[in-house]
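The next block is target-v3.tsv, given as TSV, C-alpha atoms.
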```
chain	number	residue	atom	x	y	z
A	744	PRO	CA	0.00	0.00	0.00
A	745	LYS	CA	1.10	3.54	-0.82
A	746	VAL	CA	0.49	6.77	1.07
A	747	ALA	CA	1.58	10.36	0.56
A	748	LEU	CA	2.87	12.36	3.49
A	749	THR	CA	2.28	16.09	2.95
A	750	PHE	CA	3.39	19.12	4.91
A	751	ASP	CA	1.82	22.56	4.82
A	752	ASP	CA	2.92	26.04	5.88
A	753	GLY	CA	6.72	25.81	5.53
A	754	PRO	CA	9.45	26.17	4.97
A	755	HIS	CA	10.43	26.72	8.59
A	756	MET	CA	14.09	27.59	9.15
A	757	VAL	CA	14.54	25.02	11.96
A	758	TYR	CA	11.84	22.37	11.83
A	759	THR	CA	11.78	21.82	8.07
A	760	GLU	CA	15.52	21.08	8.18
A	761	MET	CA	14.95	18.58	11.04
A	762	LEU	CA	12.20	16.93	9.03
A	763	LEU	CA	14.32	16.75	5.87
A	764	ASP	CA	17.13	15.12	7.87
A	765	GLY	CA	14.72	12.50	9.27
A	766	LEU	CA	13.14	11.78	5.89
A	767	LYS	CA	16.57	11.43	4.29
A	768	GLU	CA	17.66	8.95	7.00
A	769	ARG	CA	14.57	6.89	6.23
A	770	GLY	CA	14.93	7.14	2.45
A	771	ILE	CA	11.49	8.56	1.78
A	772	CYS	CA	10.15	11.55	-0.11
A	773	ALA	CA	7.24	13.74	0.91
A	774	THR	CA	5.26	16.62	-0.56
A	775	PHE	CA	5.70	20.15	0.77
A	776	PHE	CA	3.08	22.85	0.16
A	777	LEU	CA	4.94	26.10	0.72
A	778	ILE	CA	3.69	29.51	1.78
A	779	GLY	CA	5.32	32.10	-0.47
A	780	LYS	CA	6.25	34.58	2.27
A	781	ASN	CA	7.93	31.76	4.22
A	782	ILE	CA	10.24	31.01	1.31
A	783	GLU	CA	11.98	34.37	1.75
A	784	GLY	CA	15.23	33.74	3.62
A	785	ASN	CA	14.72	29.97	3.36
A	786	GLU	CA	15.56	29.51	-0.32
A	787	GLU	CA	18.30	26.98	0.48
A	788	ILE	CA	15.76	24.75	2.23
A	789	VAL	CA	13.56	24.84	-0.89
A	790	GLN	CA	16.59	23.94	-3.01
A	791	ARG	CA	17.35	21.06	-0.67
A	792	MET	CA	13.76	19.76	-0.95
A	793	GLN	CA	14.07	19.76	-4.71
A	794	LYS	CA	17.53	18.18	-4.72
A	795	GLU	CA	16.46	15.39	-2.35
A	796	GLY	CA	13.47	14.41	-4.51
A	797	HIS	CA	10.58	15.87	-2.56
A	798	LEU	CA	7.61	17.32	-4.42
A	799	ILE	CA	7.11	21.04	-3.91
A	800	GLY	CA	3.64	22.52	-4.12
A	801	ASN	CA	2.05	25.93	-3.71
A	802	HIS	CA	0.09	26.95	-0.56
A	803	THR	CA	-0.54	30.63	-1.50
A	804	TYR	CA	1.62	33.57	-0.53
A	805	HIS	CA	-0.10	34.66	2.68
A	806	HIS	CA	-2.06	31.49	3.67
A	807	VAL	CA	-5.41	32.99	2.75
A	808	ASN	CA	-8.85	31.55	2.10
A	809	LEU	CA	-9.08	31.77	-1.69
A	810	LYS	CA	-12.89	31.81	-1.60
A	811	GLU	CA	-12.80	35.13	0.25
A	812	LEU	CA	-10.69	36.85	-2.43
A	813	SER	CA	-11.52	38.23	-5.83
A	814	GLN	CA	-10.53	36.09	-8.79
A	815	LYS	CA	-7.57	38.39	-9.48
A	816	GLU	CA	-6.38	38.39	-5.84
A	817	ALA	CA	-6.62	34.59	-5.66
A	818	GLU	CA	-4.59	34.24	-8.86
A	819	GLN	CA	-1.96	36.66	-7.51
A	820	GLU	CA	-1.61	34.67	-4.27
A	821	ILE	CA	-0.87	31.52	-6.24
A	822	GLN	CA	1.25	33.13	-8.96
A	823	LYS	CA	3.43	35.05	-6.50
A	824	THR	CA	4.21	31.83	-4.63
A	825	GLY	CA	4.80	29.99	-7.89
A	826	ASN	CA	7.34	32.65	-8.82
A	827	LYS	CA	9.10	32.30	-5.43
A	828	ILE	CA	9.31	28.53	-5.88
A	829	TYR	CA	10.70	28.99	-9.38
A	830	GLU	CA	13.26	31.55	-8.22
A	831	SER	CA	14.38	29.26	-5.40
A	832	ALA	CA	14.33	25.80	-6.96
A	833	GLY	CA	14.00	26.42	-10.70
A	834	ILE	CA	10.74	24.48	-11.01
A	835	CYS	CA	7.21	25.34	-12.02
A	836	THR	CA	5.06	23.37	-9.62
A	837	ALA	CA	1.87	21.81	-10.93
A	838	PHE	CA	0.28	21.31	-7.50
A	839	VAL	CA	-1.53	23.69	-5.18
A	840	ARG	CA	-3.11	23.06	-1.80
A	841	PRO	CA	-5.66	25.75	-1.03
A	842	PRO	CA	-5.47	26.83	2.63
A	843	PHE	CA	-8.34	25.42	4.69
A	844	GLY	CA	-9.17	23.19	1.71
A	845	GLU	CA	-11.16	26.07	0.23
A	846	TRP	CA	-10.79	26.13	-3.56
A	847	LYS	CA	-12.33	29.07	-5.41
A	848	LYS	CA	-14.87	27.99	-8.02
A	849	ASN	CA	-13.61	28.48	-11.58
A	850	LEU	CA	-10.09	29.36	-10.40
A	851	ASP	CA	-8.86	26.23	-12.14
A	852	PHE	CA	-9.82	27.79	-15.48
A	853	ASP	CA	-7.23	30.51	-14.94
A	854	ILE	CA	-4.64	28.63	-12.88
A	855	THR	CA	-3.26	25.55	-14.60
A	856	MET	CA	-2.46	23.66	-11.43
A	857	ILE	CA	-3.91	20.61	-9.75
A	858	PRO	CA	-5.60	21.34	-6.40
A	859	VAL	CA	-4.64	18.74	-3.79
A	860	SER	CA	-6.72	17.92	-0.73
A	861	TRP	CA	-6.18	15.18	1.90
A	862	ASN	CA	-7.91	12.09	3.33
A	863	VAL	CA	-6.24	11.99	6.76
A	864	ASP	CA	-5.94	15.18	8.79
A	865	SER	CA	-3.41	14.72	11.57
A	866	LEU	CA	-4.73	17.84	13.34
A	867	ASP	CA	-1.13	18.16	14.53
A	868	TRP	CA	-1.42	21.93	14.91
A	869	THR	CA	-4.38	21.70	17.31
A	870	THR	CA	-2.61	19.84	20.12
A	871	GLU	CA	1.10	19.84	19.28
A	872	ASN	CA	0.98	16.45	21.05
A	873	VAL	CA	3.19	13.84	19.39
A	874	ASP	CA	1.39	10.77	20.79
A	875	LYS	CA	-2.11	12.02	19.90
A	876	THR	CA	-0.99	12.94	16.39
A	877	VAL	CA	0.67	9.57	15.79
A	878	LYS	CA	-2.37	7.65	17.08
A	879	ARG	CA	-4.80	9.68	14.99
A	880	VAL	CA	-2.91	9.12	11.74
A	881	VAL	CA	-1.97	5.47	12.26
A	882	LYS	CA	-5.56	4.62	13.26
A	883	ASP	CA	-7.14	6.36	10.26
A	884	VAL	CA	-4.69	5.76	7.40
A	885	GLU	CA	-5.55	3.48	4.48
A	886	GLU	CA	-4.00	2.69	1.13
A	887	ASP	CA	-3.72	5.67	-1.27
A	888	ASP	CA	-4.40	8.22	1.47
A	889	ILE	CA	-2.91	11.70	1.54
A	890	ILE	CA	-1.85	12.63	5.08
A	891	LEU	CA	-1.95	16.31	6.08
A	892	MET	CA	0.70	17.54	8.51
A	893	HIS	CA	2.70	20.73	9.08
A	894	ASP	CA	6.45	21.32	9.12
A	895	CYS	CA	6.37	24.40	11.34
A	896	TYR	CA	6.11	22.65	14.73
A	897	GLU	CA	8.73	20.46	16.41
A	898	SER	CA	5.98	18.15	17.68
A	899	SER	CA	4.73	17.63	14.11
A	900	VAL	CA	8.19	16.71	12.88
A	901	ASN	CA	8.64	14.19	15.70
A	902	ALA	CA	5.16	12.75	15.08
A	903	ALA	CA	5.75	12.52	11.32
A	904	LEU	CA	8.95	10.56	11.73
A	905	ARG	CA	7.28	8.15	14.17
A	906	ILE	CA	4.37	7.75	11.74
A	907	VAL	CA	6.82	6.94	8.95
A	908	ASP	CA	8.55	4.31	11.08
A	909	ILE	CA	5.26	2.67	12.16
A	910	LEU	CA	3.70	2.66	8.69
A	911	LYS	CA	6.88	1.44	6.99
A	912	GLU	CA	6.97	-1.44	9.46
A	913	SER	CA	3.35	-2.18	8.50
A	914	GLY	CA	4.36	-2.39	4.82
A	915	TYR	CA	3.40	1.07	3.60
A	916	GLU	CA	5.40	2.77	0.89
A	917	PHE	CA	5.70	6.55	0.95
A	918	VAL	CA	5.30	8.41	-2.34
A	919	THR	CA	4.75	11.99	-3.39
A	920	VAL	CA	1.29	13.31	-4.20
A	921	GLU	CA	2.22	13.28	-7.87
A	922	GLU	CA	3.01	9.56	-7.76
A	923	LEU	CA	-0.26	8.87	-5.97
A	924	ILE	CA	-2.73	10.89	-8.04
A	925	LEU	CA	-1.24	10.87	-11.53
A	926	PRO	CA	-1.23	7.54	-13.38
```

Is it possible to express this structure as structure tokens?
Amino acid sequence: PKVALTFDDGPHMVYTEMLLDGLKERGICATFFLIGKNIEGNEEIVQRMQKEGHLIGNHTYHHVNLKELSQKEAEQEIQKTGNKIYESAGICTAFVRPPFGEWKKNLDFDITMIPVSWNVDSLDWTTENVDKTVKRVVKDVEEDDIILMHDCYESSVNAALRIVDILKESGYEFVTVEELILP
């Protein structure tokens, strides 16, 4: 069985690096949905993600609810982050995760990106409790699931690495979102 581990809201100058170290040790790749303003000053982390085979996606520039913006503002949020990702890692990402899972109707006609949701929400940010986060994900995960986590909390990084160890031991293979949703 395959699953995709995804991280929102980074890059974080400390915790994303810790996470990348742990993922590298375990030989797995994840998907990172980056906030544009968080890329500034952390370009080397974005380059490292790219170099180590992780998928980089767009999570808007200011982490805004796209449904609450005009069409033009929503496009700018995504395009500005896309530009930051390109400037940092030299790639044009095809994937976007709308903050709060709120995709603006008809935005996909103007933005040629694939919106990515999730099946398993770790709710890691609500408790910052490693054990609760691990239990929630391991209990709920099934084949082909997309797991939502965040790389801006130390507790989330610790939980993610424990989740990887437990699920690998149970026979799960970790893939990027692209490998999971595109044939």

message = Please report the interatomic distance between atom CA of Asp752 of chain A and atom CA of Gly914 of chain A in Å with one decimal.
response =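 These two atoms are separated by 28.5 Å.
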
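Comparing A:Pro744, A:Pro841, A:Gly779, A:Gly800 by their smallest distance to Ala817 of chain A, the closest is A:Pro841 (using only C-alpha atoms).
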
For Ile771 of chain A, the nearest of the candidates A:Asn785, A:Thr919, A:Gln790, A:Thr855, counting all atoms listed in the file =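 Closest candidate: A:Thr919.
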
Can you list every residue of segment 850-909 of chain A that has an atom at most 10 Å from segment 755-762 of chain A, with its nearest atom pair and the distance in Å to one decimal, using all atoms listed in the file, ordered by chain then number, as a Markdown table?
```
| residue | atom | partner | partner_atom | distance |
| --- | --- | --- | --- | --- |
| A:His893 | CA | A:Thr759 | CA | 9.2 |
| A:Asp894 | CA | A:Thr759 | CA | 5.5 |
| A:Cys895 | CA | A:His755 | CA | 5.4 |
| A:Tyr896 | CA | A:Tyr758 | CA | 6.4 |
| A:Glu897 | CA | A:Tyr758 | CA | 5.9 |
| A:Ser898 | CA | A:Tyr758 | CA | 9.3 |
| A:Ser899 | CA | A:Tyr758 | CA | 8.8 |
| A:Val900 | CA | A:Leu762 | CA | 5.6 |
| A:Asn901 | CA | A:Leu762 | CA | 8.0 |
| A:Ala903 | CA | A:Leu762 | CA | 8.1 |
| A:Leu904 | CA | A:Leu762 | CA | 7.6 |
```

ask   = Which is closer to Val918 of chain A than all the others in A:Val839, A:Asp887, A:Asp867, A:Asn862, using all atoms listed in the file?
value =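 Checking each of A:Val839, A:Asp887, A:Asp867, A:Asn862 against Val918 of chain A, counting all atoms listed in the file, the winner is A:Asp887.
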
request  = Could you tell me which of A:Asn849, A:Arg905, A:Ile889, A:Met856 comes closest to Val873 of chain A if we count all atoms listed in the file?
outcome  =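 Once distances to Val873 of chain A are computed over all atoms listed in the file, the minimum belongs to A:Arg905.
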
message = From the options A:Val859, A:Ile799, A:Leu850, A:Ile909, which residue's atoms come nearest to Ser831 of chain A, counting only C-alpha atoms?
response =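 Checking each candidate against Ser831 of chain A, we get A:Ile799 as the closest.
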
Leaving out Val807 of chain A and any residue of its chain fewer than 6 positions from it, which residues lie within 10 Å of it when counting all atoms listed in the file, given as a PDB file with C-alpha atoms, keeping the file's coordinate frame?
```pdb
ATOM      1  CA  ILE A 778       3.690  29.510   1.780  1.00  0.00           C
ATOM      2  CA  ALA A 817      -6.620  34.590  -5.660  1.00  0.00           C
ATOM      3  CA  GLU A 820      -1.610  34.670  -4.270  1.00  0.00           C
ATOM      4  CA  PRO A 841      -5.660  25.750  -1.030  1.00  0.00           C
ATOM      5  CA  PRO A 842      -5.470  26.830   2.630  1.00  0.00           C
ATOM      6  CA  PHE A 843      -8.340  25.420   4.690  1.00  0.00           C
ATOM      7  CA  GLU A 845     -11.160  26.070   0.230  1.00  0.00           C
TER       8      GLU A 845
END
```

task = Rank A:Lys848, A:Arg791, A:Arg769, A:Lys882 by their smallest atom-to-atom distance to Gln814 of chain A, using all atoms listed in the file, and report the top residue only.
result =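 Result for the nearest residue to Gln814 of chain A: A:Lys848.
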
ask   = Between atom CA of Ile821 of chain A and atom CA of Thr803 of chain A, what is the distance, to one decimal in Å?
value = 4.8 Å

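The coordinates place atom CA of Val746 of chain A at 9.2 Å from atom CA of Leu910 of chain A.
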
Spatial neighbours of Ala832 of chain A, max dist 9 Å, all atoms listed in the file, sep filter under 4 positions, as a ChimeraX atom specification = /A:786-787,789-794,827-828

Within 10 Å of (1.2, 2.9, 8.6) (coordinates as in the file), grab all the protein and nucleic acid residues, counting all atoms listed in the file, and write them out as an mmCIF file with C-alpha atoms, in the frame of the given file.
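Result file is result11.cif:
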```
data_model
loop_
_atom_site.group_PDB
_atom_site.id
_atom_site.type_symbol
_atom_site.label_atom_id
_atom_site.label_comp_id
_atom_site.auth_asym_id
_atom_site.auth_seq_id
_atom_site.Cartn_x
_atom_site.Cartn_y
_atom_site.Cartn_z
ATOM 1 C CA PRO A 744 0.000 0.000 0.000
ATOM 2 C CA LYS A 745 1.100 3.540 -0.820
ATOM 3 C CA VAL A 746 0.490 6.770 1.070
ATOM 4 C CA VAL A 877 0.670 9.570 15.790
ATOM 5 C CA VAL A 880 -2.910 9.120 11.740
ATOM 6 C CA VAL A 881 -1.970 5.470 12.260
ATOM 7 C CA LYS A 882 -5.560 4.620 13.260
ATOM 8 C CA ASP A 883 -7.140 6.360 10.260
ATOM 9 C CA VAL A 884 -4.690 5.760 7.400
ATOM 10 C CA GLU A 885 -5.550 3.480 4.480
ATOM 11 C CA GLU A 886 -4.000 2.690 1.130
ATOM 12 C CA ARG A 905 7.280 8.150 14.170
ATOM 13 C CA ILE A 906 4.370 7.750 11.740
ATOM 14 C CA VAL A 907 6.820 6.940 8.950
ATOM 15 C CA ASP A 908 8.550 4.310 11.080
ATOM 16 C CA ILE A 909 5.260 2.670 12.160
ATOM 17 C CA LEU A 910 3.700 2.660 8.690
ATOM 18 C CA LYS A 911 6.880 1.440 6.990
ATOM 19 C CA GLU A 912 6.970 -1.440 9.460
ATOM 20 C CA SER A 913 3.350 -2.180 8.500
ATOM 21 C CA GLY A 914 4.360 -2.390 4.820
ATOM 22 C CA TYR A 915 3.400 1.070 3.600
ATOM 23 C CA GLU A 916 5.400 2.770 0.890
ATOM 24 C CA PHE A 917 5.700 6.550 0.950
#
```

Cut-off 6 Å around (1.1, 21.5, -6.7) with all atoms listed in the file: residues as a list in words =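 Using all atoms listed in the file, the matching residues come out as Gly800, Asn801, Thr836, Ala837, Phe838, Val839 and Ile857 of chain A.
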
task = Identify, on the basis of only C-alpha atoms, every residue whose closest approach to Leu866 of chain A does not exceed 8 Å; exclude the query and any residue fewer than 4 positions from it along the same chain; express the result as a list in words.
result =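 Counting only C-alpha atoms, the residues come to Thr870, Thr876, Leu891 and Met892 of chain A.
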